[in-house]
file entry-v1.txt (compact mmCIF, C-alpha atoms)
# COMPACT_ATOMS: atom_id res chain seq x y z
CA MET A 273 114.42 40.75 136.42
CA ILE A 274 116.28 43.93 137.43
CA GLY A 275 114.04 44.27 140.49
CA ALA A 276 114.53 40.62 141.45
CA LEU A 277 118.29 40.87 141.09
CA LEU A 278 118.41 44.04 143.17
CA PHE A 279 116.48 42.27 145.90
CA GLN A 280 118.76 39.22 145.83
CA LEU A 281 121.93 41.31 145.92
CA GLY A 282 120.55 43.35 148.76
CA THR A 283 119.57 40.52 151.07
CA ALA A 284 122.89 40.79 152.90
CA SER A 285 124.27 43.83 154.69
CA PRO A 286 125.10 46.50 153.75
CA VAL A 287 122.04 46.75 151.49
CA LYS A 288 122.93 49.80 149.47
CA ALA A 289 126.44 48.62 148.66
CA GLN A 290 125.12 45.28 147.46
CA ALA A 291 122.71 46.89 144.99
CA ASP A 292 124.95 49.69 143.71
CA ALA A 293 126.50 47.79 140.80
CA VAL A 294 123.13 46.77 139.40
CA LEU A 295 121.77 50.29 139.82
CA GLN A 296 124.75 51.81 138.04
CA TRP A 297 124.52 49.47 135.07
CA ASN A 298 120.75 49.81 134.87
CA SER A 299 121.14 53.58 134.88
CA VAL A 300 123.64 53.29 132.05
CA ALA A 301 121.33 50.95 130.14
CA LEU A 302 118.44 53.41 130.42
CA GLN A 303 120.65 56.26 129.20
CA ALA A 304 121.78 54.13 126.26
CA SER A 305 118.16 53.32 125.53
CA ARG A 306 117.36 57.05 125.39
CA ASP A 307 120.31 57.65 123.07
CA SER A 308 119.54 54.76 120.73
CA ASN A 309 116.29 55.99 119.11
CA LEU A 310 115.26 52.36 118.72
CA GLY A 311 111.62 51.35 118.45
CA VAL A 312 109.89 50.18 121.61
CA PRO A 313 110.05 46.45 120.74
CA MET A 314 113.81 46.74 120.21
CA GLN A 315 114.26 48.67 123.45
CA VAL A 316 112.32 46.04 125.40
CA ARG A 317 114.50 43.30 123.96
CA ALA A 318 117.75 45.19 124.58
CA LEU A 319 116.95 45.93 128.23
CA ALA A 320 115.76 42.36 128.79
CA ILE A 321 119.02 41.00 127.36
CA VAL A 322 121.09 43.23 129.65
CA SER A 323 119.04 42.15 132.68
CA THR A 324 119.34 38.48 131.71
CA CYS A 325 123.13 38.73 131.34
CA LEU A 326 123.39 40.41 134.74
CA TYR A 327 121.29 37.70 136.33
CA ASP A 328 123.14 34.82 134.69
CA ALA A 329 126.51 36.20 135.82
CA TRP A 330 125.24 36.66 139.38
CA ALA A 331 123.68 33.17 139.40
CA ALA A 332 127.17 31.64 139.26
CA TYR A 333 127.78 32.95 142.79
CA ASP A 334 124.53 31.71 144.32
CA ASP A 335 123.90 28.24 145.70
CA ARG A 336 120.49 27.76 144.04
CA ALA A 337 120.02 30.20 141.15
CA ILE A 338 119.96 28.70 137.66
CA SER A 339 121.38 30.48 134.60
CA THR A 340 118.95 30.86 131.70
CA GLN A 341 121.40 29.36 129.22
CA LEU A 342 124.05 27.37 131.11
CA ALA A 343 121.98 26.10 134.06
CA GLY A 344 124.45 25.49 136.92
CA ALA A 345 127.55 24.93 134.80
CA LEU A 346 129.23 28.15 135.96
CA ARG A 347 128.47 27.78 139.69
CA ARG A 348 131.40 28.81 141.84
CA PRO A 349 132.31 27.37 145.28
CA ALA A 350 131.02 29.05 148.42
CA PHE A 351 134.30 30.74 149.32
CA GLU A 352 134.23 32.67 146.00
CA ARG A 353 130.75 34.09 146.55
CA THR A 354 131.97 37.48 147.72
CA LEU A 355 130.41 40.86 147.00
CA ALA A 356 133.50 41.90 145.04
CA ASN A 357 133.30 38.85 142.77
CA LYS A 358 129.58 39.32 142.17
CA GLU A 359 129.98 42.99 141.30
CA LYS A 360 132.87 42.28 138.96
CA ALA A 361 131.07 39.44 137.18
CA ILE A 362 127.87 41.40 136.61
CA SER A 363 129.85 44.43 135.47
CA TYR A 364 131.65 42.44 132.78
CA ALA A 365 128.35 40.86 131.76
CA ALA A 366 126.61 44.24 131.58
CA TYR A 367 129.47 45.82 129.66
CA ARG A 368 129.50 43.02 127.10
CA ALA A 369 125.72 42.98 126.74
CA LEU A 370 125.37 46.74 126.33
CA THR A 371 128.21 46.90 123.81
CA ASP A 372 126.33 44.32 121.75
CA VAL A 373 122.70 45.49 121.94
CA LEU A 374 123.16 49.26 122.43
CA PRO A 375 126.65 49.89 121.01
CA ALA A 376 126.48 53.66 120.38
CA ASP A 377 127.49 54.57 123.96
CA ALA A 378 130.31 52.02 124.27
CA GLY A 379 133.19 54.49 124.11
CA SER A 380 131.52 57.44 125.82
CA VAL A 381 129.67 55.69 128.66
CA TYR A 382 130.41 51.97 129.16
CA LYS A 383 134.20 52.05 129.03
CA PRO A 384 134.48 55.05 131.38
CA LEU A 385 132.21 53.31 133.89
CA MET A 386 134.28 50.13 133.72
CA THR A 387 137.42 52.18 134.36
CA GLN A 388 135.72 54.07 137.19
CA LEU A 389 134.80 50.74 138.81
CA GLY A 390 138.42 49.59 138.53
CA TYR A 391 137.91 47.02 135.76
CA ASP A 392 139.73 46.63 132.44
CA PRO A 393 137.22 46.98 129.56
CA ASN A 394 139.70 45.23 127.27
CA ASP A 395 139.80 42.08 129.39
CA ASN A 396 138.05 39.46 127.24
CA SER A 397 139.03 36.49 129.38
CA THR A 398 136.77 33.44 129.26
CA ASP A 399 138.43 31.83 132.27
CA ILE A 400 135.45 30.82 134.42
CA GLU A 401 137.65 30.67 137.51
CA THR A 402 137.68 34.48 137.42
CA PRO A 403 134.76 36.90 137.85
CA ALA A 404 135.58 38.60 134.56
CA GLY A 405 135.48 35.26 132.79
CA ILE A 406 132.19 34.33 134.46
CA GLY A 407 130.60 37.58 133.31
CA THR A 408 131.90 37.19 129.77
CA VAL A 409 130.95 33.53 129.34
CA ALA A 410 127.51 33.97 130.90
CA CYS A 411 126.76 36.95 128.68
CA ASP A 412 128.14 35.36 125.52
CA ALA A 413 125.78 32.41 125.96
CA VAL A 414 122.80 34.76 126.18
CA LEU A 415 123.97 36.80 123.19
CA GLU A 416 124.56 33.71 121.07
CA PHE A 417 120.99 32.59 121.77
CA ARG A 418 119.47 36.02 121.21
CA HIS A 419 121.33 36.67 117.96
CA HIS A 420 119.15 33.93 116.48
CA ASP A 421 115.79 34.81 118.06
CA LYS A 422 114.39 36.17 114.74
CA SER A 423 114.53 39.82 115.81
CA ASN A 424 117.16 40.35 113.06
CA GLN A 425 119.44 42.36 115.33
CA LEU A 426 122.43 41.48 113.17
CA GLY A 427 120.68 42.15 109.87
CA ASP A 428 121.40 38.63 108.66
CA LEU A 429 117.76 37.81 107.87
CA SER A 430 117.17 41.02 105.93
CA GLN A 431 119.40 43.98 105.17
CA GLY A 432 119.84 46.30 108.13
CA PRO A 433 119.65 45.66 111.90
CA TYR A 434 116.11 44.87 113.06
CA SER A 435 114.74 45.25 109.53
CA ASP A 436 111.54 43.40 108.71
CA TRP A 437 112.45 40.08 107.12
CA THR A 438 108.77 39.12 106.73
CA HIS A 439 108.25 41.85 104.07
CA PHE A 440 105.04 43.06 105.70
CA ARG A 441 102.85 45.32 103.57
CA PRO A 442 99.78 47.06 105.04
CA VAL A 443 96.41 46.22 103.54
CA ASN A 444 95.46 49.90 103.33
CA MET A 445 97.16 52.78 101.53
CA PRO A 446 98.62 55.55 103.72
CA THR A 447 96.45 58.60 104.43
CA PRO A 448 97.79 62.13 105.00
CA VAL A 449 97.37 63.86 108.35
CA ALA A 450 97.56 67.42 106.96
CA LEU A 451 94.15 68.92 106.22
CA ARG A 452 95.26 70.28 102.86
CA PHE A 453 95.37 66.73 101.53
CA PRO A 454 92.18 64.88 100.63
CA THR A 455 91.25 62.08 103.01
CA ILE A 456 92.01 58.59 101.74
CA HIS A 457 89.41 56.23 103.09
CA PRO A 458 90.71 52.84 104.21
CA ILE A 459 90.10 49.96 101.85
CA ASN A 460 89.49 47.68 104.81
CA PRO A 461 88.47 49.36 108.11
CA ASN A 462 89.38 46.18 110.01
CA HIS A 463 93.08 46.70 109.27
CA TRP A 464 95.65 49.31 110.22
CA GLN A 465 96.12 52.32 107.95
CA PRO A 466 99.52 54.09 107.93
CA LEU A 467 99.66 57.88 108.14
CA LEU A 468 101.56 60.40 106.04
CA TYR A 469 102.86 63.28 108.14
CA VAL A 470 105.56 65.94 108.57
CA ASN A 471 108.00 65.01 111.35
CA SER A 472 109.82 67.27 113.81
CA THR A 473 112.61 68.01 111.30
CA GLY A 474 110.17 69.02 108.56
CA ASP A 475 110.48 65.84 106.50
CA PHE A 476 107.43 64.26 104.89
CA VAL A 477 107.38 60.63 106.00
CA THR A 478 105.18 57.57 105.84
CA GLN A 479 104.36 55.81 109.08
CA MET A 480 105.97 52.38 109.33
CA PHE A 481 105.05 49.24 111.24
CA VAL A 482 107.87 49.01 113.79
CA GLY A 483 108.90 45.40 114.32
CA ALA A 484 106.47 43.68 111.97
CA GLN A 485 108.53 40.52 112.49
CA TRP A 486 108.11 40.67 116.27
CA CYS A 487 105.35 38.06 116.38
CA PHE A 488 108.04 35.53 115.46
CA VAL A 489 110.67 36.67 117.99
CA ARG A 490 111.45 34.19 120.76
CA PRO A 491 109.95 35.59 123.98
CA PHE A 492 111.75 35.80 127.33
CA ALA A 493 109.13 34.39 129.69
CA LEU A 494 106.91 32.31 127.38
CA SER A 495 107.91 29.08 125.68
CA ASN A 496 106.94 30.60 122.31
CA GLY A 497 105.03 33.58 120.98
CA ASP A 498 101.96 31.52 120.09
CA GLU A 499 101.44 30.23 123.62
CA PHE A 500 98.35 32.33 124.35
CA ARG A 501 97.36 33.57 120.89
CA GLY A 502 94.65 30.94 120.68
CA LEU A 503 92.67 32.98 123.20
CA ALA A 504 92.28 35.74 120.62
CA LYS A 505 90.34 33.37 118.38
CA THR A 506 87.73 32.80 121.05
CA LEU A 507 87.26 36.57 121.59
CA PRO A 508 88.08 38.18 118.23
CA PRO A 509 88.05 41.97 117.86
CA ALA A 510 84.81 43.63 116.78
CA VAL A 511 84.51 44.08 113.00
CA TYR A 512 83.58 47.20 111.10
CA GLY A 513 79.82 47.68 110.75
CA SER A 514 78.94 45.89 113.96
CA THR A 515 77.32 47.50 116.99
CA GLU A 516 80.35 46.55 119.10
CA TYR A 517 82.75 48.24 116.65
CA ARG A 518 80.80 51.50 116.75
CA ALA A 519 80.47 51.37 120.54
CA GLN A 520 84.20 50.92 121.13
CA ALA A 521 85.05 53.69 118.65
CA GLU A 522 82.66 56.10 120.34
CA GLU A 523 84.06 55.14 123.74
CA LEU A 524 87.61 55.93 122.65
CA VAL A 525 86.56 59.28 121.16
CA SER A 526 84.74 60.13 124.40
CA LEU A 527 87.68 59.13 126.58
CA SER A 528 90.11 61.22 124.51
CA ALA A 529 87.80 64.25 124.48
CA ASN A 530 87.21 64.26 128.23
CA LEU A 531 90.65 63.75 129.71
CA ASN A 532 91.40 65.94 132.73
CA ASP A 533 94.82 67.51 133.31
CA ARG A 534 96.07 64.62 135.44
CA GLN A 535 95.00 62.06 132.85
CA LYS A 536 96.67 64.07 130.07
CA MET A 537 99.91 64.07 132.02
CA LEU A 538 99.66 60.29 132.48
CA VAL A 539 99.20 59.89 128.73
CA GLU A 540 102.22 62.09 128.05
CA TYR A 541 104.29 60.09 130.52
CA TRP A 542 103.58 56.81 128.75
CA SER A 543 103.85 58.27 125.24
CA ALA A 544 107.23 59.93 125.77
CA GLY A 545 109.26 60.40 122.62
CA SER A 546 112.15 58.40 121.23
CA ASP A 547 114.70 60.42 123.23
CA SER A 548 113.34 59.01 126.50
CA GLU A 549 113.62 55.56 128.06
CA GLN A 550 110.00 55.07 126.93
CA ALA A 551 107.65 52.51 128.48
CA PRO A 552 110.26 49.69 128.79
CA GLY A 553 112.56 51.91 130.81
CA ASN A 554 109.70 53.15 132.97
CA TRP A 555 109.04 49.56 134.05
CA ASN A 556 112.70 49.19 134.99
CA LEU A 557 112.36 52.24 137.22
CA PHE A 558 109.24 50.79 138.81
CA ALA A 559 111.09 47.54 139.48
CA GLU A 560 113.82 49.47 141.28
CA TRP A 561 111.27 51.27 143.41
CA VAL A 562 109.61 48.00 144.43
CA ALA A 563 112.98 46.37 145.17
CA ALA A 564 114.06 49.37 147.24
CA ARG A 565 110.83 49.24 149.25
CA ARG A 566 111.31 45.54 150.01
CA LEU A 567 114.91 46.13 151.02
CA GLY A 568 114.12 49.11 153.20
CA VAL A 569 116.37 51.37 151.12
CA SER A 570 115.32 54.98 150.65
CA LYS A 571 113.50 55.58 147.37
CA HIS A 572 115.47 58.79 147.16
CA GLN A 573 118.78 56.93 147.29
CA VAL A 574 117.74 54.44 144.63
CA ALA A 575 116.11 56.88 142.22
CA LEU A 576 118.42 59.89 142.53
CA SER A 577 120.78 58.99 139.68
CA PHE A 578 117.84 58.24 137.38
CA VAL A 579 116.16 61.55 138.17
CA ILE A 580 119.39 63.36 137.33
CA GLU A 581 119.77 61.46 134.05
CA SER A 582 116.13 61.93 133.08
CA SER A 583 116.26 65.68 133.64
CA ARG A 584 119.15 66.25 131.23
call {"tool": "encode", "arguments": {"input": "entry-v1.txt", "output": "structure tokens"}}
result
Amino acid sequence: MIGALLFQLGTASPVKAQADAVLQWNSVALQASRDSNLGVPMQVRALAIVSTCLYDAWAAYDDRAISTQLAGALRRPAFERTLANKEKAISYAAYRALTDVLPADAGSVYKPLMTQLGYDPNDNSTDIETPAGIGTVACDAVLEFRHHDKSNQLGDLSQGPYSDWTHFRPVNMPTPVALRFPTIHPINPNHWQPLLYVNSTGDFVTQMFVGAQWCFVRPFALSNGDEFRGLAKTLPPAVYGSTEYRAQAEELVSLSANLNDRQKMLVEYWSAGSDSEQAPGNWNLFAEWVAARRLGVSKHQVALSFVIESSR
């Protein structure tokens, strides 16, 4: 959605000026994602919410775009569809969304950016005849919907934000990674087995299933999470003891053992640690690159701020 919004904002001249507000807020969102240490499912959701709020605020100033929550209820007349109004509306939407889903950077990053852009971060107006009100109302509608999407962001389904309210328990007991421990063979090789390991701070921890409740979370593009799960029943995974199971295991071992330097770097890129924007943020960067190419904007111009942030 970030790429699509960049393209829409940039369809009028000057291109770079049109896209700047989205780029700035997306840059901030990626930095907040790096700072949050959230699991990948939570990062995906947070970035998608921010993008949705940006889009819904912008949609009010377009003659055809439809908001995801309020349809065309916020649509403003043609004479109000100025660049300044669009930038202000999406800024208030982004600020409100980020403060909700990635709150840690609110005081240190979001408020200073609002001030830098000339907006009052304390303006909570819901007057839809103003850009600030459009941004706030559009974002609030998205947040109200998403607070009840079963992700447990608020911790109201189980104690603690994003905690597993389904009470998932793995079939198999954890097994230690360290060689000094005896190997614990899985009870059921067809199910996941958690690992016991020493983390980067020297603590002995048990691997957890991040987002065990995520199969119940309301998706963004699908009507529901079960929409295509029936396909898995027609082509189930190979089971332990079968020829197919052994073949796929041997294939994975062979692939891992024979990676060249380039392939190893690709793996490292996609498996970046929790202090990076991780895979969800990488896709946002790709979307910007594609949007910039379609708009004829220099990749260097679009990506520069993200390169600087990523190299910190």
call {"tool": "atom_distance", "arguments": {"input": "entry-v1.txt", "atom1": "CA of Tyr517 in chain A", "atom2": "CA of Gly497 in chain A"}}
result
27.0 Å
call {"tool": "residues_around", "arguments": {"input": "entry-v1.txt", "residues": "range 436-451 of chain A", "least_positions_apart": "6", "cutoff": "12 Å", "atoms": "all atoms listed in the file", "output": "PDB file with C-alpha atoms, keeping the file's coordinate frame"}}
result
ATOM      1  CA  LYS A 422     114.390  36.170 114.740  1.00  0.00           C
ATOM      2  CA  SER A 423     114.530  39.820 115.810  1.00  0.00           C
ATOM      3  CA  ASN A 424     117.160  40.350 113.060  1.00  0.00           C
ATOM      4  CA  GLN A 425     119.440  42.360 115.330  1.00  0.00           C
ATOM      5  CA  LEU A 426     122.430  41.480 113.170  1.00  0.00           C
ATOM      6  CA  GLY A 427     120.680  42.150 109.870  1.00  0.00           C
ATOM      7  CA  ASP A 428     121.400  38.630 108.660  1.00  0.00           C
ATOM      8  CA  LEU A 429     117.760  37.810 107.870  1.00  0.00           C
ATOM      9  CA  SER A 430     117.170  41.020 105.930  1.00  0.00           C
ATOM     10  CA  HIS A 457      89.410  56.230 103.090  1.00  0.00           C
ATOM     11  CA  PRO A 458      90.710  52.840 104.210  1.00  0.00           C
ATOM     12  CA  ILE A 459      90.100  49.960 101.850  1.00  0.00           C
ATOM     13  CA  ASN A 460      89.490  47.680 104.810  1.00  0.00           C
ATOM     14  CA  PRO A 461      88.470  49.360 108.110  1.00  0.00           C
ATOM     15  CA  ASN A 462      89.380  46.180 110.010  1.00  0.00           C
ATOM     16  CA  HIS A 463      93.080  46.700 109.270  1.00  0.00           C
ATOM     17  CA  TRP A 464      95.650  49.310 110.220  1.00  0.00           C
ATOM     18  CA  GLN A 465      96.120  52.320 107.950  1.00  0.00           C
ATOM     19  CA  PRO A 466      99.520  54.090 107.930  1.00  0.00           C
ATOM     20  CA  LEU A 467      99.660  57.880 108.140  1.00  0.00           C
ATOM     21  CA  LEU A 468     101.560  60.400 106.040  1.00  0.00           C
ATOM     22  CA  TYR A 469     102.860  63.280 108.140  1.00  0.00           C
ATOM     23  CA  VAL A 470     105.560  65.940 108.570  1.00  0.00           C
ATOM     24  CA  ASN A 471     108.000  65.010 111.350  1.00  0.00           C
ATOM     25  CA  PHE A 476     107.430  64.260 104.890  1.00  0.00           C
ATOM     26  CA  VAL A 477     107.380  60.630 106.000  1.00  0.00           C
ATOM     27  CA  THR A 478     105.180  57.570 105.840  1.00  0.00           C
ATOM     28  CA  GLN A 479     104.360  55.810 109.080  1.00  0.00           C
ATOM     29  CA  MET A 480     105.970  52.380 109.330  1.00  0.00           C
ATOM     30  CA  PHE A 481     105.050  49.240 111.240  1.00  0.00           C
ATOM     31  CA  VAL A 482     107.870  49.010 113.790  1.00  0.00           C
ATOM     32  CA  GLY A 483     108.900  45.400 114.320  1.00  0.00           C
ATOM     33  CA  ALA A 484     106.470  43.680 111.970  1.00  0.00           C
ATOM     34  CA  GLN A 485     108.530  40.520 112.490  1.00  0.00           C
ATOM     35  CA  TRP A 486     108.110  40.670 116.270  1.00  0.00           C
ATOM     36  CA  CYS A 487     105.350  38.060 116.380  1.00  0.00           C
ATOM     37  CA  PHE A 488     108.040  35.530 115.460  1.00  0.00           C
ATOM     38  CA  VAL A 489     110.670  36.670 117.990  1.00  0.00           C
TER      39      VAL A 489
END
call {"tool": "residues_around", "arguments": {"input": "entry-v1.txt", "residues": "Pro403 in chain A", "least_positions_apart": "5", "cutoff": "12 Å", "atoms": "only C-alpha atoms", "output": "number ranges by chain"}}
result
A: 329-333, 346-348, 352-365, 391, 395-398, 408-410
call {"tool": "atom_distance", "arguments": {"input": "entry-v1.txt", "atom1": "CA of Ala369 in chain A", "atom2": "CA of Asn394 in chain A"}}
result
14.2 Å
call {"tool": "closest_atom_pairs", "arguments": {"input": "entry-v1.txt", "of": "range 359-421 of chain A", "to": "range 342-345 of chain A", "cutoff": "12 Å", "atoms": "all atoms listed in the file", "output": "Markdown table"}}
result
| residue | atom | partner | partner_atom | distance |
| --- | --- | --- | --- | --- |
| A:Ile400 | CA | A:Ala345 | CA | 9.9 |
| A:Glu401 | CA | A:Ala345 | CA | 11.9 |
| A:Ile406 | CA | A:Ala345 | CA | 10.5 |
| A:Val409 | CA | A:Leu342 | CA | 9.4 |
| A:Ala410 | CA | A:Leu342 | CA | 7.5 |
| A:Cys411 | CA | A:Leu342 | CA | 10.2 |
| A:Asp412 | CA | A:Leu342 | CA | 10.6 |
| A:Ala413 | CA | A:Leu342 | CA | 7.4 |
| A:Val414 | CA | A:Leu342 | CA | 9.0 |
| A:Glu416 | CA | A:Leu342 | CA | 11.9 |
| A:Phe417 | CA | A:Leu342 | CA | 11.1 |
call {"tool": "decode", "arguments": {"input": "entry-v1.txt", "residues": "range 528-543 of chain A", "atoms": "N, CA and C atoms", "output": "PDB file, in the first residue's frame"}}
result
ATOM      1  N   SER A 528      21.632 -26.064   2.404  1.00  0.00           N
ATOM      2  CA  SER A 528      22.320 -25.323   3.463  1.00  0.00           C
ATOM      3  C   SER A 528      23.826 -25.542   3.411  1.00  0.00           C
ATOM      4  N   ALA A 529      24.236 -26.772   3.071  1.00  0.00           N
ATOM      5  CA  ALA A 529      25.663 -27.107   3.077  1.00  0.00           C
ATOM      6  C   ALA A 529      26.407 -26.548   1.869  1.00  0.00           C
ATOM      7  N   ASN A 530      25.694 -26.201   0.828  1.00  0.00           N
ATOM      8  CA  ASN A 530      26.343 -25.798  -0.419  1.00  0.00           C
ATOM      9  C   ASN A 530      26.059 -24.365  -0.843  1.00  0.00           C
ATOM     10  N   LEU A 531      25.707 -23.525   0.109  1.00  0.00           N
ATOM     11  CA  LEU A 531      25.475 -22.124  -0.216  1.00  0.00           C
ATOM     12  C   LEU A 531      26.775 -21.444  -0.599  1.00  0.00           C
ATOM     13  N   ASN A 532      26.757 -20.636  -1.670  1.00  0.00           N
ATOM     14  CA  ASN A 532      27.934 -19.833  -1.998  1.00  0.00           C
ATOM     15  C   ASN A 532      27.870 -18.515  -1.223  1.00  0.00           C
ATOM     16  N   ASP A 533      28.891 -17.679  -1.373  1.00  0.00           N
ATOM     17  CA  ASP A 533      28.959 -16.447  -0.580  1.00  0.00           C
ATOM     18  C   ASP A 533      27.770 -15.533  -0.852  1.00  0.00           C
ATOM     19  N   ARG A 534      27.384 -15.423  -2.113  1.00  0.00           N
ATOM     20  CA  ARG A 534      26.252 -14.557  -2.458  1.00  0.00           C
ATOM     21  C   ARG A 534      24.974 -15.061  -1.805  1.00  0.00           C
ATOM     22  N   GLN A 535      24.755 -16.359  -1.868  1.00  0.00           N
ATOM     23  CA  GLN A 535      23.553 -16.945  -1.273  1.00  0.00           C
ATOM     24  C   GLN A 535      23.548 -16.776   0.249  1.00  0.00           C
ATOM     25  N   LYS A 536      24.710 -16.886   0.858  1.00  0.00           N
ATOM     26  CA  LYS A 536      24.800 -16.686   2.314  1.00  0.00           C
ATOM     27  C   LYS A 536      24.435 -15.264   2.691  1.00  0.00           C
ATOM     28  N   MET A 537      24.872 -14.313   1.872  1.00  0.00           N
ATOM     29  CA  MET A 537      24.535 -12.918   2.139  1.00  0.00           C
ATOM     30  C   MET A 537      23.035 -12.678   1.974  1.00  0.00           C
ATOM     31  N   LEU A 538      22.421 -13.342   0.984  1.00  0.00           N
ATOM     32  CA  LEU A 538      20.972 -13.214   0.806  1.00  0.00           C
ATOM     33  C   LEU A 538      20.229 -13.757   2.029  1.00  0.00           C
ATOM     34  N   VAL A 539      20.704 -14.884   2.540  1.00  0.00           N
ATOM     35  CA  VAL A 539      20.088 -15.468   3.737  1.00  0.00           C
ATOM     36  C   VAL A 539      20.222 -14.510   4.917  1.00  0.00           C
ATOM     37  N   GLU A 540      21.403 -13.927   5.081  1.00  0.00           N
ATOM     38  CA  GLU A 540      21.611 -12.992   6.186  1.00  0.00           C
ATOM     39  C   GLU A 540      20.720 -11.767   6.048  1.00  0.00           C
ATOM     40  N   TYR A 541      20.536 -11.314   4.809  1.00  0.00           N
ATOM     41  CA  TYR A 541      19.675 -10.146   4.582  1.00  0.00           C
ATOM     42  C   TYR A 541      18.256 -10.420   5.064  1.00  0.00           C
ATOM     43  N   TRP A 542      17.714 -11.576   4.721  1.00  0.00           N
ATOM     44  CA  TRP A 542      16.337 -11.887   5.071  1.00  0.00           C
ATOM     45  C   TRP A 542      16.177 -12.365   6.506  1.00  0.00           C
ATOM     46  N   SER A 543      17.283 -12.775   7.148  1.00  0.00           N
ATOM     47  CA  SER A 543      17.185 -13.244   8.530  1.00  0.00           C
ATOM     48  C   SER A 543      17.782 -12.241   9.504  1.00  0.00           C
TER      49      SER A 543
END
